[in-house]
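The structure appears below as structure tokens.
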Amino acid sequence: MATADAVAKVPRRMPLALRLAWRDWRSGELRLLLGAIVVAVASVTAISLFVDRLQSALIEQSATFLAADRVLSGSTPAPVELRDRATNLGLQQAETVTFATMLYTGEDKNLLASVKAVSEAYPLRGVLRVSAEPFGPDTVSSDLPLPGEVWLDPRLFPALALELGDTVEIGFKQLRVSGILTREPDRGGSFTDLAPRALMRINDLAATKIIQPGSRVSFRYLLRGDEGDLESAYEALAEGERSRYRWLGARDSSAAIGNALERAESFLLLGGLLAVLLAGVAVALAAHRYARRHFDHVGVLKTLGATPRVILQNFLGVLMLVGALGVLFGLLVGNLLQQLVLLYVNDLIPGELPSAGLRPYLLGAVTGFICLFSFALPPLLALRHISPMRVIRRDLVEGDLAGMLTYGSALVGTIVLLLWYSGSVVLTLYTLGAVSAVVILFAAAAWLALSGTGALGMQAGSFWRLALAGIKRRSRASIAQMLIFGLAIMLLLILVLVRTSLLSEWREQLPDDVPNHFVMNVTPDEVESVRVKLERISDRVGELFPMIRGRIVGVNGMTTDEWSAQLGNLFDNDIDNERNLTYSDQMPGENVVTQGEWWAQGTAEKLISLEDDYAIRHGLSIGDQLEIDIAGAVVSGRVSNFRRVDWDSMRPNFFVIFSPAMLEGMPTTFMTSFHLPREEQRELNGFMRQFPTVSVIPMEDIIEQVQDIVDRVTQAIELVLALVLVSGCLVLLASIQSSRDERLAEHGLLRALGATRSLIAGSLSVEFLTLGALSGLLAVAGAELAVALLQVQVFELTPRLHGWYWLFTPLAGALLVLAVGLAGSRSLIASPPMRVLRNLD
Amino acid sequence: MVSASNVAKKVQTAAGSLTILQNVNIAIAAGESLAVVGASGSGKTTLLGILAGLDLPSSGDVALAGESLTHLDEEARALLRGRLVGFVFQNFQLLGSLTAAENVMLPIELRGDGDALHRAEELLARVGLSERGHHYPRQLSGGEQQRVAIARAFACRPQVLFADEPTGNLDTATGERITELLFELNADYGTTLVLVTHDSRLAKRCTRSITIDTGQIVAETLHASMSDDDSAGSDRPAGSEL
Ligand SMILES: Nc1ncnc2c1ncn2[C@@H]1O[C@H](COP(=O)(O)OP(=O)(O)O)[C@@H](O)[C@H]1O
Ligand SMILES: [Mg+2]
């Protein structure tokens, strides 16, 4: 019997909820909801899988800047507790000892060098590079100098008139020069270790007899291994011990790299947040549509004797089922997606990405259920209050699904997700603030725009009249749709804008000709000739700044100790650290005065300019009187302005700048920076020979590293963008679906009244185009606002207006909504009028 | 079986308080059939909803099978409906996502009774749709849909059947057949029937009818039995929809 066939697929003893779910599924009612959850879970899972793996890859790579995963650095060797624990944990270990000393040659030439004695296993991360001749091309070396040998910085060869095979003396030890060291991973951009390098073995150290109690030596203890093991090794140190050392991770290896990494993380995170928000909106829309389509359903069930409790149980059951399925599929799809992306970016990302942990899956699953409960549950909960009277009184006002509960729970869900996902209250608040501001503004603007289109429609042709009347008739739904389209486009736009400006800002900061060498220790009488020589070999030479070492010893008549004590523990107390100082009449380029004013040219006043973070950290304000000790002489001056300094710029930067009057008669040296392509570094040979006492510090490793990070992050951003686009389209589809029933009724009527298919298609197109264009306009306005905020608050970049997007976005919005809209209502246009009429009930 | 005493219904509208029903007193005995007639907008549907416990009166009392509905919450009223009451609606109210057979099975499943499928097949056969069980409502004509709705209404052997203009959306001939079916099954099952209609001929087939005007009962008529002129329906053109 036919009836038996129809229901035979449903096992007889299935619980009612399951049977209802099955029937809903069969009729397509649940597909959108399931789809939305799958996309939510999949995009969160894929993004966090990828980000996790990328992040560990980036950290691993920047670990090469430490030559290890962690370093314990101090003025005494690492304590035995740590060594024992590290050995027990099976961590790889190495040691370096660095100190400055004179290098002597047989011909009685000598020069200050920075000697680094290393153990066998050094370096634990990264590689050494050597060249066959000074300033010649270099290659990777997997060796170290043998005991009794030393490798020297190329700069030492011209200065000491050395050749490979010669011997040099370090303390009481004679060492044979067996290599030219061009790069070591942990050289970093430190200004404290300026002298050229000499690399030797730690076993030869004792014989030099240089290391005596009291001598200035830096001991570094290098570790490599699992994150957990590394931290647990550190636990072996007692509190008192810890304060005597610095414990360094990859992020601490260089300020520029740390910044680049942090920005990358903020950005990827933001992408993840947006994907979650969009998916949440899609889930909410799908659930609303599902609930709305079940108004009658519930009414009928109630007349048939279903109690509110039974109804609640059944819909909860359906929801849980959909949720479980959605999460499962979502995790699967997320994983596949991520592998696909890895395949695609494989050539672009060198080396194996370390595999991610379980966290991304957990993140995806929990996200799915939070979405489900906070976005989809409330409208379904409201279903149980539907009056059975609805069945006999069709005009009964529809139960308002969008009650306080809906908004409240959606808000709570969003906050929980944002907080959990970003781990940052600030980022969460900004995202929420921006979104709610935008929602309010959008609703108002959309309402205004609709009033405008209504007036327009009166004078327009039939397509337009029909379309605009349609938009206006469903004005609440239209405003909601514009809000949703607008929000989706806005989120996408934010991502694109932030990405573009982030990348271009980065590129601007690190152009190809960014200074990649610092020059220091230039004496006043050398300034002119150094400048001339540098300009001959480099196409980009910076200003020559005077540079003096000095430290602040008094503030407003107090000693620095008194000053710090008076401020309490809230502020750093390293105010009296020795710093590089300069004086200038002009403010260095790329600095911006944030408080006070730059001094007049040639002022006779003794004035001081401070980096603003530095000033705030130490509780200083404009007008404070500072005393500075410079090589034993104390000068004093008044703080006249604060500056913001761009520390990523790779140019000489100073915390403290004086007006020239302050340093009259003080002995100074000068410094500058210049760019020299790697292949032209041979030119340095002549320069070094001419100015043996001048220090040249290469910075290119760090610059290359930062550029590499930028490139990789670009890859990740593309993935995030694609996923957000998918979620965005899903949201569009969901929101178009949610007005489908209404349109169906309307079009049936129009068709019955003789409207042709092309008239309906035309008016639909106009309607979608208008909605899309208006949404695009709203979106670009909202995005500008949000991006400006984000750039100032999160990325610390200067905001700017994006003119082209004002034209492009409404256009793209119109086309996108048109495409998705027509795709979503194709069946609606194509169906014959009779069928449309029958569908009415 | 069904009784109302001093029932009134007021609703709040933008214009103020609107009285839809007032001073309604009815007692319907078991097995009786009552027609509620009146002009459109007179309050028939509202009264039906209140008598069936779908809605509550603003004042007065309603009882179903001896139980006062006014003191029950929605949960308890729903249970009572499931046990005692069947409905037939003007616009059929089949669930579009369920097949005809599943629609009929639904009340049986809700009660938790076994063998819903078998019983649904029986009922569909009884209303002449044994071959259409796997069809969805949108694949059925209005008359067929209403027959499925009738099968569903009788699925749990209700003691009282409420019908709100069951032929209102159907052409006359189809309406006739539906009426026949309704009264046939009503007789078979010994169901108490409350029928809202504005069709006086349909009303005459009931044992009694009350007329409502602007929310009040203005007349009550007893019909001896089915009058002969009812057969006049047979010389109308046969419905093309069935
Ligand atoms: N919830 C309500 N709010 C406002 N007016 C209502 C409501 N329910 C019913 N009415 C009004 O009460 C009157 C009676 O309605 P109804 O019972 O549907 O009449 P009938 O079924 O006899 O056509 C109508 O004028 C209707 O508009
Ligand atoms: Mg009515």
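As shown in the structure tokens, the chain order sets the letters A, B, ...; within each chain, residues go from 1, and ligands are also counted from 1 in the order they appear.
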Taking only C-alpha atoms and all ligand atoms into account, report as JSON, numbers by chain which residues have an atom no farther than 7 Å from an atom of ligand 1. {"A": [393, 396], "B": [11, 12, 13, 20, 38, 39, 40, 41, 42, 43, 44, 45, 46, 47]}
Output N, CA and C atoms of each residue in that selection to a file, as a PDB file, in the first residue's frame.
```
ATOM      1  N   ARG A 393      -8.049  31.736  13.748  1.00  0.00           N
ATOM      2  CA  ARG A 393      -8.086  33.173  13.484  1.00  0.00           C
ATOM      3  C   ARG A 393      -6.792  33.579  12.830  1.00  0.00           C
ATOM      4  N   LEU A 396      -4.794  36.742  13.635  1.00  0.00           N
ATOM      5  CA  LEU A 396      -4.173  36.926  14.947  1.00  0.00           C
ATOM      6  C   LEU A 396      -2.730  37.399  14.758  1.00  0.00           C
TER       7      LEU A 396
ATOM      8  N   VAL B  11     -11.506  42.331  24.070  1.00  0.00           N
ATOM      9  CA  VAL B  11     -10.089  42.461  23.710  1.00  0.00           C
ATOM     10  C   VAL B  11      -9.712  43.929  23.733  1.00  0.00           C
ATOM     11  N   GLN B  12      -8.437  44.168  23.995  1.00  0.00           N
ATOM     12  CA  GLN B  12      -7.941  45.546  23.965  1.00  0.00           C
ATOM     13  C   GLN B  12      -7.441  45.849  22.563  1.00  0.00           C
ATOM     14  N   THR B  13      -7.934  46.876  21.973  1.00  0.00           N
ATOM     15  CA  THR B  13      -7.423  47.308  20.674  1.00  0.00           C
ATOM     16  C   THR B  13      -6.910  48.730  20.813  1.00  0.00           C
ATOM     17  N   ILE B  20     -16.405  41.393  22.109  1.00  0.00           N
ATOM     18  CA  ILE B  20     -16.691  40.509  20.973  1.00  0.00           C
ATOM     19  C   ILE B  20     -17.842  39.557  21.315  1.00  0.00           C
ATOM     20  N   GLY B  38     -24.557  32.920  11.966  1.00  0.00           N
ATOM     21  CA  GLY B  38     -24.515  34.368  12.156  1.00  0.00           C
ATOM     22  C   GLY B  38     -23.699  35.008  11.056  1.00  0.00           C
ATOM     23  N   ALA B  39     -23.840  36.302  10.947  1.00  0.00           N
ATOM     24  CA  ALA B  39     -23.139  37.024   9.893  1.00  0.00           C
ATOM     25  C   ALA B  39     -21.635  36.982  10.151  1.00  0.00           C
ATOM     26  N   SER B  40     -20.895  37.280   9.124  1.00  0.00           N
ATOM     27  CA  SER B  40     -19.444  37.332   9.286  1.00  0.00           C
ATOM     28  C   SER B  40     -19.084  38.432  10.276  1.00  0.00           C
ATOM     29  N   GLY B  41     -18.182  38.126  11.170  1.00  0.00           N
ATOM     30  CA  GLY B  41     -17.760  39.134  12.153  1.00  0.00           C
ATOM     31  C   GLY B  41     -18.645  39.186  13.376  1.00  0.00           C
ATOM     32  N   SER B  42     -19.609  38.255  13.479  1.00  0.00           N
ATOM     33  CA  SER B  42     -20.529  38.316  14.618  1.00  0.00           C
ATOM     34  C   SER B  42     -19.936  37.698  15.876  1.00  0.00           C
ATOM     35  N   GLY B  43     -18.900  36.916  15.723  1.00  0.00           N
ATOM     36  CA  GLY B  43     -18.257  36.350  16.902  1.00  0.00           C
ATOM     37  C   GLY B  43     -18.297  34.836  16.973  1.00  0.00           C
ATOM     38  N   LYS B  44     -18.684  34.178  15.884  1.00  0.00           N
ATOM     39  CA  LYS B  44     -18.826  32.722  15.879  1.00  0.00           C
ATOM     40  C   LYS B  44     -17.507  32.016  16.184  1.00  0.00           C
ATOM     41  N   THR B  45     -16.483  32.422  15.444  1.00  0.00           N
ATOM     42  CA  THR B  45     -15.183  31.767  15.602  1.00  0.00           C
ATOM     43  C   THR B  45     -14.648  31.962  17.018  1.00  0.00           C
ATOM     44  N   THR B  46     -14.833  33.171  17.526  1.00  0.00           N
ATOM     45  CA  THR B  46     -14.378  33.453  18.882  1.00  0.00           C
ATOM     46  C   THR B  46     -15.062  32.530  19.874  1.00  0.00           C
ATOM     47  N   LEU B  47     -16.365  32.356  19.696  1.00  0.00           N
ATOM     48  CA  LEU B  47     -17.110  31.486  20.606  1.00  0.00           C
ATOM     49  C   LEU B  47     -16.602  30.047  20.506  1.00  0.00           C
TER      50      LEU B  47
END
```
Using only C-alpha atoms, determine which residues lie at most 12 Å from Pro378 of chain A, disregarding the query and same-chain residues fewer than 2 positions distant; provide the list as number ranges by chain. A: 283-285, 287-288, 290-291, 312, 315-316, 319, 371-376, 380-385, 400-411, 413
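For the choices B:Thr174, B:Leu124, B:Ser200, B:Leu129, the atom-to-atom distance to Gly143 of chain B is smallest for B:Thr174 when using only C-alpha atoms.
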Could you list the residues in chain B lying within 9 Å of chain A, using only C-alpha atoms, and format the result as a count of residues only? 58
In Å, how far is it from atom CA of Leu56 of chain B to atom CA of Ala151 of chain B? 27.2 Å
Using DSSP on the backbone, list every residue of segment 73-241 of chain B that comes out as strand (DSSP E or B), and give them as a list in words.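 Put together, the selection reads Val85, Gly86, Phe87, Val88, Val160, Leu161, Phe162, Ala163, Asp164, Thr192, Leu193, Val194, Leu195, Val196, Arg208, Ser209, Ile210, Thr211, Ile212, Asp213, Gln216, Ile217, Val218, Ala219, Glu220, Thr221 and Leu222 of chain B.
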Can you write out the residues you just picked, keeping N, CA and C atoms, as a compact mmCIF listing (two decimals), in the first residue's frame?
```
# COMPACT_ATOMS: atom_id res chain seq x y z
N VAL B 85 -11.19 16.15 22.22
CA VAL B 85 -11.67 17.07 21.20
C VAL B 85 -11.03 16.82 19.84
N GLY B 86 -11.84 16.98 18.79
CA GLY B 86 -11.30 16.98 17.44
C GLY B 86 -11.69 18.28 16.75
N PHE B 87 -10.88 18.68 15.74
CA PHE B 87 -11.16 19.94 15.04
C PHE B 87 -11.19 19.75 13.53
N VAL B 88 -12.08 20.51 12.90
CA VAL B 88 -12.01 20.66 11.44
C VAL B 88 -12.09 22.15 11.16
N VAL B 160 -16.03 15.26 21.41
CA VAL B 160 -16.63 16.46 20.82
C VAL B 160 -15.83 16.86 19.59
N LEU B 161 -16.54 17.18 18.51
CA LEU B 161 -15.87 17.66 17.32
C LEU B 161 -16.28 19.11 17.08
N PHE B 162 -15.27 19.99 16.95
CA PHE B 162 -15.54 21.39 16.63
C PHE B 162 -15.18 21.63 15.18
N ALA B 163 -16.12 22.23 14.45
CA ALA B 163 -15.84 22.50 13.04
C ALA B 163 -16.16 23.95 12.76
N ASP B 164 -15.17 24.67 12.22
CA ASP B 164 -15.36 26.09 11.92
C ASP B 164 -15.48 26.27 10.41
N THR B 192 -20.26 14.33 19.80
CA THR B 192 -20.97 15.59 19.94
C THR B 192 -20.37 16.57 18.94
N LEU B 193 -21.22 17.33 18.23
CA LEU B 193 -20.70 18.19 17.17
C LEU B 193 -21.07 19.64 17.42
N VAL B 194 -20.05 20.51 17.33
CA VAL B 194 -20.32 21.96 17.36
C VAL B 194 -19.82 22.51 16.04
N LEU B 195 -20.77 23.05 15.26
CA LEU B 195 -20.48 23.40 13.88
C LEU B 195 -20.75 24.88 13.66
N VAL B 196 -19.73 25.61 13.26
CA VAL B 196 -19.93 27.02 12.93
C VAL B 196 -20.13 27.13 11.43
N ARG B 208 -29.91 21.30 16.57
CA ARG B 208 -30.26 22.60 17.12
C ARG B 208 -29.34 23.64 16.53
N SER B 209 -29.82 24.87 16.40
CA SER B 209 -28.90 25.92 15.97
C SER B 209 -29.13 27.18 16.78
N ILE B 210 -28.04 27.91 17.01
CA ILE B 210 -28.17 29.20 17.68
C ILE B 210 -27.64 30.27 16.73
N THR B 211 -28.24 31.42 16.79
CA THR B 211 -27.83 32.51 15.92
C THR B 211 -27.15 33.58 16.77
N ILE B 212 -26.02 34.05 16.26
CA ILE B 212 -25.25 35.06 17.00
C ILE B 212 -25.25 36.35 16.22
N ASP B 213 -25.47 37.42 16.94
CA ASP B 213 -25.35 38.73 16.30
C ASP B 213 -24.58 39.65 17.24
N GLN B 216 -23.84 38.27 20.71
CA GLN B 216 -24.88 37.76 21.63
C GLN B 216 -25.73 36.72 20.92
N ILE B 217 -26.25 35.76 21.70
CA ILE B 217 -27.17 34.78 21.12
C ILE B 217 -28.52 35.46 20.96
N VAL B 218 -28.99 35.54 19.71
CA VAL B 218 -30.26 36.25 19.49
C VAL B 218 -31.40 35.30 19.17
N ALA B 219 -31.10 34.06 18.78
CA ALA B 219 -32.18 33.12 18.47
C ALA B 219 -31.69 31.70 18.65
N GLU B 220 -32.61 30.80 18.91
CA GLU B 220 -32.27 29.38 19.06
C GLU B 220 -33.37 28.57 18.39
N THR B 221 -33.00 27.65 17.50
CA THR B 221 -34.00 26.87 16.77
C THR B 221 -33.72 25.39 16.95
N LEU B 222 -34.80 24.62 17.14
CA LEU B 222 -34.65 23.16 17.19
C LEU B 222 -35.03 22.60 15.84
```
Give the answer as one residue: which of B:Ala120, B:Ile26, B:Leu48, B:Leu170 has the shortest atom-to-atom distance to ligand 2, using only C-alpha atoms and all ligand atoms?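 Among the listed residues, B:Leu48 lies closest to ligand 2.
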For Met1 of chain B, list every protein, DNA or RNA residue within 8 Å, evaluated using only C-alpha atoms, and leave out those in the same chain fewer than 3 positions away; present the list as a list in words.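 Close residues of Met1 of chain B: Ala27, Ile28, Ala29, Ala30, Ala63, Leu64, Ala65, Gly66, Val160 and Thr192 of chain B.
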Output file for the residues above (N, CA and C atoms, as an mmCIF file, in the first residue's frame):
```
data_model
loop_
_atom_site.group_PDB
_atom_site.id
_atom_site.type_symbol
_atom_site.label_atom_id
_atom_site.label_comp_id
_atom_site.auth_asym_id
_atom_site.auth_seq_id
_atom_site.Cartn_x
_atom_site.Cartn_y
_atom_site.Cartn_z
ATOM 1 N N ALA B 27 -25.763 25.091 26.699
ATOM 2 C CA ALA B 27 -25.495 23.759 27.231
ATOM 3 C C ALA B 27 -25.695 22.783 26.093
ATOM 4 N N ILE B 28 -24.712 21.994 25.814
ATOM 5 C CA ILE B 28 -24.804 21.037 24.704
ATOM 6 C C ILE B 28 -24.689 19.635 25.291
ATOM 7 N N ALA B 29 -25.691 18.837 25.007
ATOM 8 C CA ALA B 29 -25.704 17.493 25.575
ATOM 9 C C ALA B 29 -24.837 16.560 24.745
ATOM 10 N N ALA B 30 -24.427 15.445 25.342
ATOM 11 C CA ALA B 30 -23.621 14.460 24.628
ATOM 12 C C ALA B 30 -24.414 13.931 23.445
ATOM 13 N N ALA B 63 -17.205 24.734 30.463
ATOM 14 C CA ALA B 63 -16.856 23.388 30.923
ATOM 15 C C ALA B 63 -16.918 22.422 29.755
ATOM 16 N N LEU B 64 -15.999 21.475 29.777
ATOM 17 C CA LEU B 64 -15.919 20.466 28.720
ATOM 18 C C LEU B 64 -15.926 19.117 29.425
ATOM 19 N N ALA B 65 -16.941 18.293 29.094
ATOM 20 C CA ALA B 65 -17.077 16.984 29.745
ATOM 21 C C ALA B 65 -16.999 17.125 31.257
ATOM 22 N N GLY B 66 -17.649 18.159 31.755
ATOM 23 C CA GLY B 66 -17.742 18.323 33.200
ATOM 24 C C GLY B 66 -16.547 19.015 33.827
ATOM 25 N N VAL B 160 -16.025 15.260 21.409
ATOM 26 C CA VAL B 160 -16.632 16.456 20.819
ATOM 27 C C VAL B 160 -15.826 16.860 19.586
ATOM 28 N N THR B 192 -20.259 14.332 19.795
ATOM 29 C CA THR B 192 -20.974 15.595 19.943
ATOM 30 C C THR B 192 -20.368 16.570 18.941
#
```
Have a look at B:Thr70, B:Gln145, B:Ser17, B:Thr197 and name the one nearest to ligand 2; count only C-alpha atoms and all ligand atoms. B:Thr197
Measuring between only C-alpha atoms, which one of B:Arg201, B:Phe154, B:Asp171, B:Val24 shows the shortest distance to Asn186 of chain B?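 The answer is B:Phe154, which sits nearest to Asn186 of chain B.
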